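Next comes my_file.pdb, a file with PDB, C-alpha atoms, pLDDT in the B column.
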```
ATOM      1  CA  MET A 118      21.814 -15.226   9.099  1.00 88.00           C
ATOM      2  CA  SER A 119      18.210 -16.077   8.304  1.00 94.00           C
ATOM      3  CA  LEU A 120      15.738 -13.220   7.879  1.00 97.00           C
ATOM      4  CA  SER A 121      11.969 -13.023   7.591  1.00 98.00           C
ATOM      5  CA  PHE A 122      10.476 -10.803   4.918  1.00 98.00           C
ATOM      6  CA  ALA A 123       7.143  -9.007   4.557  1.00 98.00           C
ATOM      7  CA  LEU A 124       6.395  -8.261   0.895  1.00 98.00           C
ATOM      8  CA  LEU A 125       3.891  -5.761  -0.430  1.00 98.00           C
ATOM      9  CA  VAL A 126       2.868  -6.340  -4.056  1.00 97.00           C
ATOM     10  CA  SER A 127       1.093  -3.325  -5.546  1.00 96.00           C
ATOM     11  CA  GLY A 128       1.598  -3.778  -9.285  1.00 94.00           C
ATOM     12  CA  GLN A 129      -0.889  -5.144 -11.810  1.00 93.00           C
ATOM     13  CA  PRO A 130       0.416  -8.562 -12.981  1.00 93.00           C
ATOM     14  CA  CYS A 131      -0.220  -8.127 -16.713  1.00 90.00           C
ATOM     15  CA  THR A 132       0.931  -4.514 -17.013  1.00 89.00           C
ATOM     16  CA  ASP A 133       3.735  -4.345 -14.529  1.00 90.00           C
ATOM     17  CA  GLN A 134       6.838  -6.486 -14.032  1.00 93.00           C
ATOM     18  CA  SER A 135       6.665  -6.079 -10.255  1.00 94.00           C
ATOM     19  CA  SER A 136       4.652  -9.184  -9.357  1.00 94.00           C
ATOM     20  CA  LEU A 137       6.999 -11.433 -11.335  1.00 94.00           C
ATOM     21  CA  THR A 138       9.952  -9.761  -9.631  1.00 96.00           C
ATOM     22  CA  ALA A 139       8.282 -10.402  -6.287  1.00 97.00           C
ATOM     23  CA  LEU A 140       7.808 -14.072  -7.214  1.00 96.00           C
ATOM     24  CA  ARG A 141      11.469 -14.401  -8.149  1.00 96.00           C
ATOM     25  CA  PHE A 142      12.477 -12.653  -4.926  1.00 97.00           C
ATOM     26  CA  CYS A 143      10.341 -15.090  -2.895  1.00 97.00           C
ATOM     27  CA  LYS A 144      11.897 -18.099  -4.588  1.00 96.00           C
ATOM     28  CA  ALA A 145      15.435 -16.780  -4.137  1.00 97.00           C
ATOM     29  CA  ALA A 146      14.845 -15.899  -0.483  1.00 97.00           C
ATOM     30  CA  LEU A 147      13.334 -19.313   0.305  1.00 97.00           C
ATOM     31  CA  ASP A 148      16.065 -21.144  -1.638  1.00 96.00           C
ATOM     32  CA  ASN A 149      18.623 -19.341   0.500  1.00 96.00           C
ATOM     33  CA  GLY A 150      17.070 -20.324   3.814  1.00 96.00           C
ATOM     34  CA  HIS A 151      15.126 -17.139   4.557  1.00 98.00           C
ATOM     35  CA  GLN A 152      11.446 -16.950   5.498  1.00 97.00           C
ATOM     36  CA  ILE A 153       8.571 -15.100   3.876  1.00 98.00           C
ATOM     37  CA  TYR A 154       6.438 -13.913   6.794  1.00 98.00           C
ATOM     38  CA  ARG A 155       3.596 -12.801   4.520  1.00 98.00           C
ATOM     39  CA  VAL A 156       2.943 -11.472   1.019  1.00 98.00           C
ATOM     40  CA  PHE A 157       0.280  -8.757   1.016  1.00 98.00           C
ATOM     41  CA  PHE A 158      -1.401  -7.789  -2.257  1.00 98.00           C
ATOM     42  CA  PHE A 159      -2.511  -4.169  -2.276  1.00 97.00           C
ATOM     43  CA  ASN A 160      -3.917  -1.628  -4.740  1.00 96.00           C
ATOM     44  CA  ASP A 161      -3.544  -3.016  -8.315  1.00 95.00           C
ATOM     45  CA  GLY A 162      -1.500  -5.934  -6.902  1.00 96.00           C
ATOM     46  CA  VAL A 163      -4.764  -7.678  -5.952  1.00 97.00           C
ATOM     47  CA  HIS A 164      -5.206  -8.636  -9.621  1.00 97.00           C
ATOM     48  CA  CYS A 165      -2.471 -11.236  -8.990  1.00 97.00           C
ATOM     49  CA  ALA A 166      -5.170 -13.253  -7.217  1.00 98.00           C
ATOM     50  CA  ASN A 167      -7.611 -13.365 -10.156  1.00 97.00           C
ATOM     51  CA  ARG A 168      -7.836 -17.035 -11.172  1.00 96.00           C
ATOM     52  CA  TYR A 169      -9.492 -16.103 -14.454  1.00 96.00           C
ATOM     53  CA  ILE A 170      -6.291 -14.512 -15.766  1.00 95.00           C
ATOM     54  CA  THR A 171      -5.697 -16.485 -18.977  1.00 95.00           C
ATOM     55  CA  PRO A 172      -2.598 -15.466 -20.921  1.00 94.00           C
ATOM     56  CA  PRO A 173      -1.509 -17.193 -24.166  1.00 95.00           C
ATOM     57  CA  GLN A 174      -0.010 -20.640 -23.493  1.00 93.00           C
ATOM     58  CA  ASP A 175       3.591 -19.493 -23.908  1.00 94.00           C
ATOM     59  CA  GLU A 176       3.219 -16.730 -21.284  1.00 91.00           C
ATOM     60  CA  ILE A 177       3.257 -16.993 -17.491  1.00 89.00           C
ATOM     61  CA  ALA A 178      -0.042 -16.960 -15.568  1.00 93.00           C
ATOM     62  CA  VAL A 179       0.974 -15.044 -12.441  1.00 94.00           C
ATOM     63  CA  PRO A 180      -1.836 -16.318 -10.156  1.00 95.00           C
ATOM     64  CA  LYS A 181      -0.898 -19.952 -10.909  1.00 95.00           C
ATOM     65  CA  GLN A 182       2.756 -19.235 -10.145  1.00 95.00           C
ATOM     66  CA  TRP A 183       1.851 -17.747  -6.767  1.00 96.00           C
ATOM     67  CA  ALA A 184      -0.511 -20.648  -6.030  1.00 96.00           C
ATOM     68  CA  SER A 185       2.224 -23.177  -6.817  1.00 96.00           C
ATOM     69  CA  LEU A 186       4.766 -21.396  -4.608  1.00 96.00           C
ATOM     70  CA  GLN A 187       2.165 -21.127  -1.845  1.00 97.00           C
ATOM     71  CA  LYS A 188       1.599 -24.875  -1.974  1.00 96.00           C
ATOM     72  CA  SER A 189       5.299 -25.733  -1.905  1.00 96.00           C
ATOM     73  CA  PHE A 190       6.190 -23.438   1.000  1.00 96.00           C
ATOM     74  CA  ASN A 191       2.832 -22.915   2.749  1.00 96.00           C
ATOM     75  CA  LEU A 192       3.129 -19.164   2.097  1.00 97.00           C
ATOM     76  CA  ASP A 193       0.688 -16.699   3.641  1.00 98.00           C
ATOM     77  CA  LEU A 194      -0.689 -14.815   0.619  1.00 98.00           C
ATOM     78  CA  VAL A 195      -3.168 -12.154   1.753  1.00 98.00           C
ATOM     79  CA  VAL A 196      -5.198  -9.940  -0.561  1.00 98.00           C
ATOM     80  CA  CYS A 197      -6.246  -6.549   0.861  1.00 98.00           C
ATOM     81  CA  ILE A 198     -10.020  -6.655   1.157  1.00 98.00           C
ATOM     82  CA  SER A 199     -10.703  -2.991   0.378  1.00 96.00           C
ATOM     83  CA  SER A 200      -8.396  -3.004  -2.679  1.00 97.00           C
ATOM     84  CA  ALA A 201      -9.874  -6.351  -3.793  1.00 98.00           C
ATOM     85  CA  LEU A 202     -13.575  -5.538  -3.579  1.00 97.00           C
ATOM     86  CA  ARG A 203     -13.082  -2.298  -5.523  1.00 96.00           C
ATOM     87  CA  ARG A 204     -11.382  -4.275  -8.312  1.00 97.00           C
ATOM     88  CA  GLY A 205     -13.720  -7.263  -8.397  1.00 97.00           C
ATOM     89  CA  ILE A 206     -11.462  -9.805  -6.705  1.00 98.00           C
ATOM     90  CA  ILE A 207     -13.990 -11.844  -4.742  1.00 97.00           C
ATOM     91  CA  ASP A 208     -13.945 -15.029  -2.673  1.00 97.00           C
ATOM     92  CA  ALA A 209     -16.945 -17.239  -1.945  1.00 96.00           C
ATOM     93  CA  LYS A 210     -17.732 -15.467   1.325  1.00 96.00           C
ATOM     94  CA  GLU A 211     -17.780 -11.983  -0.220  1.00 96.00           C
ATOM     95  CA  ALA A 212     -19.744 -13.282  -3.220  1.00 96.00           C
ATOM     96  CA  SER A 213     -22.403 -14.489  -0.827  1.00 97.00           C
ATOM     97  CA  ARG A 214     -22.326 -11.276   1.248  1.00 96.00           C
ATOM     98  CA  TYR A 215     -22.744  -9.028  -1.813  1.00 96.00           C
ATOM     99  CA  GLU A 216     -25.010 -11.459  -3.677  1.00 96.00           C
ATOM    100  CA  LEU A 217     -22.637 -11.788  -6.635  1.00 96.00           C
ATOM    101  CA  GLU A 218     -22.936 -14.506  -9.242  1.00 94.00           C
ATOM    102  CA  GLY A 219     -19.469 -15.951  -8.881  1.00 95.00           C
ATOM    103  CA  HIS A 220     -16.066 -15.595  -7.277  1.00 97.00           C
ATOM    104  CA  ASN A 221     -12.568 -15.507  -8.724  1.00 97.00           C
ATOM    105  CA  LEU A 222     -10.032 -15.646  -5.877  1.00 97.00           C
ATOM    106  CA  ALA A 223      -7.256 -18.000  -6.990  1.00 96.00           C
ATOM    107  CA  ASP A 224      -6.196 -21.010  -4.925  1.00 94.00           C
ATOM    108  CA  GLY A 225      -3.642 -20.298  -2.237  1.00 96.00           C
ATOM    109  CA  PHE A 226      -4.789 -16.716  -1.527  1.00 98.00           C
ATOM    110  CA  THR A 227      -6.922 -15.431   1.326  1.00 98.00           C
ATOM    111  CA  ILE A 228      -8.688 -12.083   1.657  1.00 98.00           C
ATOM    112  CA  GLY A 229      -7.777 -10.054   4.737  1.00 98.00           C
ATOM    113  CA  GLY A 230      -7.574  -6.578   6.196  1.00 97.00           C
ATOM    114  CA  LEU A 231      -4.815  -3.976   6.351  1.00 97.00           C
ATOM    115  CA  GLY A 232      -4.208  -5.067   9.935  1.00 97.00           C
ATOM    116  CA  GLN A 233      -2.514  -8.160   8.542  1.00 98.00           C
ATOM    117  CA  TRP A 234      -0.081  -5.944   6.665  1.00 98.00           C
ATOM    118  CA  VAL A 235       0.632  -3.900   9.804  1.00 98.00           C
ATOM    119  CA  ASP A 236       1.213  -7.170  11.672  1.00 98.00           C
ATOM    120  CA  ALA A 237       3.635  -8.284   8.950  1.00 98.00           C
ATOM    121  CA  CYS A 238       5.527  -4.976   9.094  1.00 98.00           C
ATOM    122  CA  VAL A 239       5.865  -5.263  12.869  1.00 98.00           C
ATOM    123  CA  ASN A 240       6.950  -8.908  12.948  1.00 98.00           C
ATOM    124  CA  ALA A 241       9.099  -9.374   9.843  1.00 98.00           C
ATOM    125  CA  ASP A 242      12.771  -8.417   9.837  1.00 97.00           C
ATOM    126  CA  ARG A 243      12.523  -6.597   6.499  1.00 97.00           C
ATOM    127  CA  VAL A 244       9.707  -4.934   4.554  1.00 96.00           C
ATOM    128  CA  ILE A 245       9.933  -4.722   0.762  1.00 96.00           C
ATOM    129  CA  ARG A 246       7.463  -3.287  -1.724  1.00 95.00           C
ATOM    130  CA  PHE A 247       7.132  -4.480  -5.327  1.00 96.00           C
ATOM    131  CA  GLY A 248       5.309  -2.149  -7.708  1.00 90.00           C
ATOM    132  CA  GLY A 249       5.723   1.586  -7.861  1.00 71.00           C
ATOM    133  CA  GLY A 250       2.305   2.481  -9.210  1.00 57.00           C
ATOM    134  CA  ALA A 251       1.985   4.507 -12.428  1.00 47.00           C
ATOM    135  CA  GLN A 252       3.584   7.912 -12.040  1.00 47.00           C
TER     136      GLN A 252
ATOM    137  CA  MET B 110       7.306   0.601  16.415  1.00 95.00           C
ATOM    138  CA  THR B 111       7.591   3.862  14.430  1.00 97.00           C
ATOM    139  CA  PHE B 112       6.245   3.937  10.879  1.00 97.00           C
ATOM    140  CA  LEU B 113       7.040   6.677   8.383  1.00 97.00           C
ATOM    141  CA  TYR B 114       4.834   7.002   5.330  1.00 97.00           C
ATOM    142  CA  LEU B 115       6.361   9.114   2.589  1.00 96.00           C
ATOM    143  CA  PHE B 116       3.700  10.141   0.108  1.00 96.00           C
ATOM    144  CA  THR B 117       4.580  11.727  -3.234  1.00 95.00           C
ATOM    145  CA  ARG B 118       1.328  11.600  -5.206  1.00 94.00           C
ATOM    146  CA  ALA B 119      -1.390  14.181  -5.837  1.00 93.00           C
ATOM    147  CA  PRO B 120      -4.724  13.333  -4.156  1.00 93.00           C
ATOM    148  CA  TYR B 121      -6.629  12.649  -7.363  1.00 92.00           C
ATOM    149  CA  GLY B 122      -5.631  10.890 -10.587  1.00 87.00           C
ATOM    150  CA  HIS B 123      -4.494   7.561  -9.140  1.00 89.00           C
ATOM    151  CA  SER B 124      -6.006   5.363  -6.426  1.00 91.00           C
ATOM    152  CA  ILE B 125      -2.720   4.806  -4.595  1.00 92.00           C
ATOM    153  CA  ALA B 126      -2.906   8.185  -2.795  1.00 93.00           C
ATOM    154  CA  ARG B 127      -6.166   7.255  -1.094  1.00 93.00           C
ATOM    155  CA  GLU B 128      -5.430   3.576  -0.507  1.00 94.00           C
ATOM    156  CA  ALA B 129      -1.989   4.305   0.971  1.00 95.00           C
ATOM    157  CA  LEU B 130      -3.559   6.870   3.293  1.00 95.00           C
ATOM    158  CA  ASP B 131      -6.004   4.165   4.420  1.00 95.00           C
ATOM    159  CA  MET B 132      -2.987   1.954   5.145  1.00 96.00           C
ATOM    160  CA  ALA B 133      -1.493   4.698   7.330  1.00 96.00           C
ATOM    161  CA  LEU B 134      -4.789   5.011   9.249  1.00 96.00           C
ATOM    162  CA  ALA B 135      -4.866   1.240   9.784  1.00 96.00           C
ATOM    163  CA  THR B 136      -1.281   1.381  11.064  1.00 97.00           C
ATOM    164  CA  ALA B 137      -2.272   3.996  13.645  1.00 96.00           C
ATOM    165  CA  ALA B 138      -5.403   2.009  14.549  1.00 95.00           C
ATOM    166  CA  PHE B 139      -3.134  -0.928  15.423  1.00 95.00           C
ATOM    167  CA  ASP B 140      -1.313   1.191  18.006  1.00 94.00           C
ATOM    168  CA  GLN B 141       1.836   2.011  16.047  1.00 96.00           C
ATOM    169  CA  VAL B 142       3.452   5.448  16.042  1.00 96.00           C
ATOM    170  CA  VAL B 143       2.857   6.938  12.607  1.00 97.00           C
ATOM    171  CA  SER B 144       4.439   9.935  10.858  1.00 97.00           C
ATOM    172  CA  LEU B 145       3.212  11.116   7.488  1.00 98.00           C
ATOM    173  CA  VAL B 146       5.287  13.187   5.074  1.00 98.00           C
ATOM    174  CA  PHE B 147       3.443  14.666   2.102  1.00 97.00           C
ATOM    175  CA  ALA B 148       6.320  15.343  -0.307  1.00 96.00           C
ATOM    176  CA  GLN B 149       6.370  16.542  -3.910  1.00 96.00           C
ATOM    177  CA  ASP B 150       2.848  16.523  -5.440  1.00 96.00           C
ATOM    178  CA  ALA B 151       1.436  14.922  -2.289  1.00 96.00           C
ATOM    179  CA  ILE B 152       1.449  18.403  -0.764  1.00 97.00           C
ATOM    180  CA  TYR B 153      -1.777  18.948  -2.722  1.00 96.00           C
ATOM    181  CA  GLN B 154      -3.394  16.349  -0.460  1.00 96.00           C
ATOM    182  CA  LEU B 155      -3.042  18.840   2.393  1.00 96.00           C
ATOM    183  CA  LEU B 156      -4.823  21.777   0.726  1.00 95.00           C
ATOM    184  CA  ASP B 157      -7.508  23.004   3.068  1.00 92.00           C
ATOM    185  CA  LYS B 158     -10.000  23.737   0.311  1.00 89.00           C
ATOM    186  CA  GLN B 159     -10.467  20.810  -2.071  1.00 84.00           C
ATOM    187  CA  ASN B 160     -13.361  20.319  -4.444  1.00 83.00           C
ATOM    188  CA  SER B 161     -13.195  16.822  -5.900  1.00 82.00           C
ATOM    189  CA  GLY B 162     -16.595  17.081  -7.628  1.00 82.00           C
ATOM    190  CA  ASN B 163     -15.329  16.911 -11.192  1.00 86.00           C
ATOM    191  CA  THR B 164     -13.182  13.863 -10.458  1.00 84.00           C
ATOM    192  CA  GLU B 165     -16.239  11.936  -9.203  1.00 83.00           C
ATOM    193  CA  LYS B 166     -14.124  10.776  -6.283  1.00 85.00           C
ATOM    194  CA  LYS B 167     -14.658  11.306  -2.570  1.00 84.00           C
ATOM    195  CA  ALA B 168     -12.869  14.404  -1.289  1.00 84.00           C
ATOM    196  CA  HIS B 169      -9.500  13.466   0.146  1.00 87.00           C
ATOM    197  CA  ILE B 170      -9.690  16.225   2.733  1.00 91.00           C
ATOM    198  CA  GLY B 171     -12.175  14.252   4.872  1.00 91.00           C
ATOM    199  CA  VAL B 172      -9.485  11.704   5.723  1.00 92.00           C
ATOM    200  CA  ILE B 173      -6.796  14.362   6.052  1.00 95.00           C
ATOM    201  CA  ASN B 174      -8.947  16.229   8.592  1.00 93.00           C
ATOM    202  CA  ALA B 175      -9.578  12.981  10.473  1.00 93.00           C
ATOM    203  CA  LEU B 176      -5.852  12.287  11.036  1.00 94.00           C
ATOM    204  CA  PRO B 177      -5.784  13.802  14.548  1.00 92.00           C
ATOM    205  CA  LEU B 178      -8.761  11.578  15.498  1.00 91.00           C
ATOM    206  CA  TYR B 179      -6.588   8.583  14.613  1.00 90.00           C
ATOM    207  CA  GLU B 180      -3.903  10.058  16.867  1.00 91.00           C
ATOM    208  CA  ILE B 181      -1.678  10.734  13.865  1.00 93.00           C
ATOM    209  CA  GLU B 182      -0.070  13.905  15.140  1.00 90.00           C
ATOM    210  CA  HIS B 183       3.049  13.901  13.003  1.00 96.00           C
ATOM    211  CA  VAL B 184       1.843  15.273   9.664  1.00 97.00           C
ATOM    212  CA  TYR B 185       4.471  17.058   7.608  1.00 98.00           C
ATOM    213  CA  TYR B 186       5.131  18.749   4.294  1.00 97.00           C
ATOM    214  CA  LEU B 187       8.410  20.063   2.940  1.00 97.00           C
ATOM    215  CA  SER B 188       9.021  23.802   2.834  1.00 95.00           C
ATOM    216  CA  ASP B 189      10.803  23.419  -0.518  1.00 94.00           C
ATOM    217  CA  ASP B 190       7.688  21.860  -2.102  1.00 96.00           C
ATOM    218  CA  CYS B 191       5.626  24.847  -0.937  1.00 94.00           C
ATOM    219  CA  SER B 192       7.916  27.327  -2.625  1.00 94.00           C
ATOM    220  CA  SER B 193       8.455  25.314  -5.819  1.00 96.00           C
ATOM    221  CA  ARG B 194       4.672  24.933  -6.282  1.00 96.00           C
ATOM    222  CA  ASN B 195       3.814  28.461  -5.127  1.00 96.00           C
ATOM    223  CA  ILE B 196       1.634  27.113  -2.303  1.00 95.00           C
ATOM    224  CA  SER B 197       1.183  29.281   0.763  1.00 95.00           C
ATOM    225  CA  PRO B 198       1.444  27.304   4.039  1.00 95.00           C
ATOM    226  CA  THR B 199      -1.708  29.125   5.163  1.00 95.00           C
ATOM    227  CA  SER B 200      -3.694  27.251   2.495  1.00 96.00           C
ATOM    228  CA  LEU B 201      -2.746  23.888   4.053  1.00 97.00           C
ATOM    229  CA  VAL B 202      -4.576  22.150   6.910  1.00 95.00           C
ATOM    230  CA  PRO B 203      -3.421  23.574  10.271  1.00 95.00           C
ATOM    231  CA  HIS B 204      -2.282  20.231  11.718  1.00 95.00           C
ATOM    232  CA  ALA B 205       0.416  19.871   9.011  1.00 96.00           C
ATOM    233  CA  LYS B 206       3.848  21.174   9.930  1.00 96.00           C
ATOM    234  CA  ALA B 207       6.737  22.282   7.734  1.00 96.00           C
ATOM    235  CA  LEU B 208       9.900  20.187   7.546  1.00 96.00           C
ATOM    236  CA  SER B 209      13.288  21.024   6.059  1.00 95.00           C
ATOM    237  CA  ALA B 210      15.204  18.478   3.986  1.00 93.00           C
ATOM    238  CA  THR B 211      17.587  17.958   6.936  1.00 96.00           C
ATOM    239  CA  GLU B 212      14.696  17.352   9.321  1.00 96.00           C
ATOM    240  CA  LEU B 213      13.236  14.834   6.852  1.00 96.00           C
ATOM    241  CA  ALA B 214      16.560  12.995   6.804  1.00 97.00           C
ATOM    242  CA  ASP B 215      16.534  12.872  10.637  1.00 97.00           C
ATOM    243  CA  LEU B 216      12.951  11.592  10.630  1.00 96.00           C
ATOM    244  CA  MET B 217      13.858   8.852   8.160  1.00 96.00           C
ATOM    245  CA  ARG B 218      16.855   7.816  10.228  1.00 97.00           C
ATOM    246  CA  SER B 219      14.714   7.483  13.361  1.00 96.00           C
ATOM    247  CA  ALA B 220      11.900   5.415  11.763  1.00 97.00           C
ATOM    248  CA  ASP B 221      11.718   1.620  12.129  1.00 97.00           C
ATOM    249  CA  ARG B 222       9.646   1.178   8.950  1.00 97.00           C
ATOM    250  CA  ILE B 223       9.577   3.507   5.938  1.00 96.00           C
ATOM    251  CA  GLN B 224       7.124   3.021   3.089  1.00 95.00           C
ATOM    252  CA  SER B 225       6.722   5.380   0.181  1.00 94.00           C
ATOM    253  CA  PHE B 226       3.672   5.688  -2.023  1.00 94.00           C
TER     254      PHE B 226
END
```
Could you render the structure as structure tokens?
Amino acid sequence: MSLSFALLVSGQPCTDQSSLTALRFCKAALDNGHQIYRVFFFNDGVHCANRYITPPQDEIAVPKQWASLQKSFNLDLVVCISSALRRGIIDAKEASRYELEGHNLADGFTIGGLGQWVDACVNADRVIRFGGGAQ
Amino acid sequence: MTFLYLFTRAPYGHSIAREALDMALATAAFDQVVSLVFAQDAIYQLLDKQNSGNTEKKAHIGVINALPLYEIEHVYYLSDDCSSRNISPTSLVPHAKALSATELADLMRSADRIQSF
């Protein structure tokens, strides 16, 4: 049976394993014939969309990994706008609106509202969250 | 569809308490049936008198008081958390109702979507 999944990523990519786990889950689900309805980046998870993340060469750059998966499978990667603006994750449109000097949203991601997460919860067969948040 | 949000965090100290509450409001705004359970330290989110001044954060209570305006009528805390934290139910906002562990289990069984923050 094929299922569609809505994933919520709420963990910071450099501090927390959760976004890499979410990436691996996506790949495994897609490889096994399931669908990813949407991946929604929320709270500290929005840092996954920062294209300026530059780890040492022998470490994984999480935003590039998501961008590559997005390209291969046409994934819907949505960054929560209120979480993103607070944390300085900005696309060209928001940069213009707030008169900022630049923007850093990585390829493959779009900025959207919480309504898109509610829509994903309603329409996907399963909802899974990656990232517990610091306790 | 029925959504259950199970919160476990104190109102101040980490952004997830506020941002997850915003998610619950958005869920209600998109015409879903929403229940909120403020478990463990999240019971502090329901304290009627909150002064967030020293945290330099907006007071959480503004959103908590607005829940009925968003037609979120199912707002719960657990009786056990009250007693273990020595919190009197009279110091909580009046629209929050007590739940036993058994009632929480029933609520979880009846929900279509459960998210915990």
Interface, chain B side, toward chain A (12 Å; all atoms listed in the file) as a PyMOL selection string: chain B and resi 110-113+116-119+122-143+150+221-226
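Here CA of Gly219 in chain A stands at a distance of 16.6 Å from CA of Ile198 in chain A.
Comparing the minimum interatomic distances between Pro177 in chain B and each of B:Pro203, B:Pro198, B:Gly162, B:Pro120, counting all atoms listed in the file, we find that B:Pro203 sits nearest.
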Residue IDs satisfying the PyMOL selection byres ((chain A and resi 192) around 12), as a PyMOL selection string: chain A and resi 122-124+140+143-144+147+152-157+183-191+193-195+224-227
Residues in the PyMOL selection byres ((chain A and resi 205-209) around 9), expressed as an MDAnalysis selection string: chainID A and resid 163:164 166:167 196 198 200:204 210:214 217 219:223 227:228
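Of the residues under consideration (B:Asn160, B:Leu145, B:Asn195, B:Asp189), B:Asp189 shows the shortest atom-to-atom contact distance to Ala210 in chain B when counting only C-alpha atoms.
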When the PyMOL selection byres ((chain B and resi 155) around 9) is applied to the file above, which residues end up in the set, as an mmCIF file with C-alpha atoms, keeping the file's coordinate frame?
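out31.cif was written with the following content:
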```cif
data_model
loop_
_atom_site.group_PDB
_atom_site.id
_atom_site.type_symbol
_atom_site.label_atom_id
_atom_site.label_comp_id
_atom_site.auth_asym_id
_atom_site.auth_seq_id
_atom_site.Cartn_x
_atom_site.Cartn_y
_atom_site.Cartn_z
ATOM 1 C CA PRO B 120 -4.724 13.333 -4.156
ATOM 2 C CA PHE B 147 3.443 14.666 2.102
ATOM 3 C CA ALA B 151 1.436 14.922 -2.289
ATOM 4 C CA ILE B 152 1.449 18.403 -0.764
ATOM 5 C CA TYR B 153 -1.777 18.948 -2.722
ATOM 6 C CA GLN B 154 -3.394 16.349 -0.460
ATOM 7 C CA LEU B 156 -4.823 21.777 0.726
ATOM 8 C CA ASP B 157 -7.508 23.004 3.068
ATOM 9 C CA LYS B 158 -10.000 23.737 0.311
ATOM 10 C CA GLN B 159 -10.467 20.810 -2.071
ATOM 11 C CA HIS B 169 -9.500 13.466 0.146
ATOM 12 C CA ILE B 170 -9.690 16.225 2.733
ATOM 13 C CA ILE B 173 -6.796 14.362 6.052
ATOM 14 C CA ASN B 174 -8.947 16.229 8.592
ATOM 15 C CA TYR B 186 5.131 18.749 4.294
ATOM 16 C CA SER B 200 -3.694 27.251 2.495
ATOM 17 C CA LEU B 201 -2.746 23.888 4.053
ATOM 18 C CA VAL B 202 -4.576 22.150 6.910
ATOM 19 C CA ALA B 205 0.416 19.871 9.011
#
```
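CA of Arg168 in chain A is found 28.1 Å from CA of Ala241 in chain A.
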Test item: residues at most 8 Å from Ser135 in chain A, all atoms listed in the file, excluding those fewer than 5 positions along its chain, as a PyMOL selection string: chain A and resi 126-130+247-248
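If you look at CA of Asp190 in chain B and CA of Ala148 in chain B, they are 6.9 Å away from each other.
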Nearest residue to Ser188 in chain B from the set B:Ser161, B:Ser219, B:Gln149, B:Ser144 (distances using all atoms listed in the file): B:Gln149
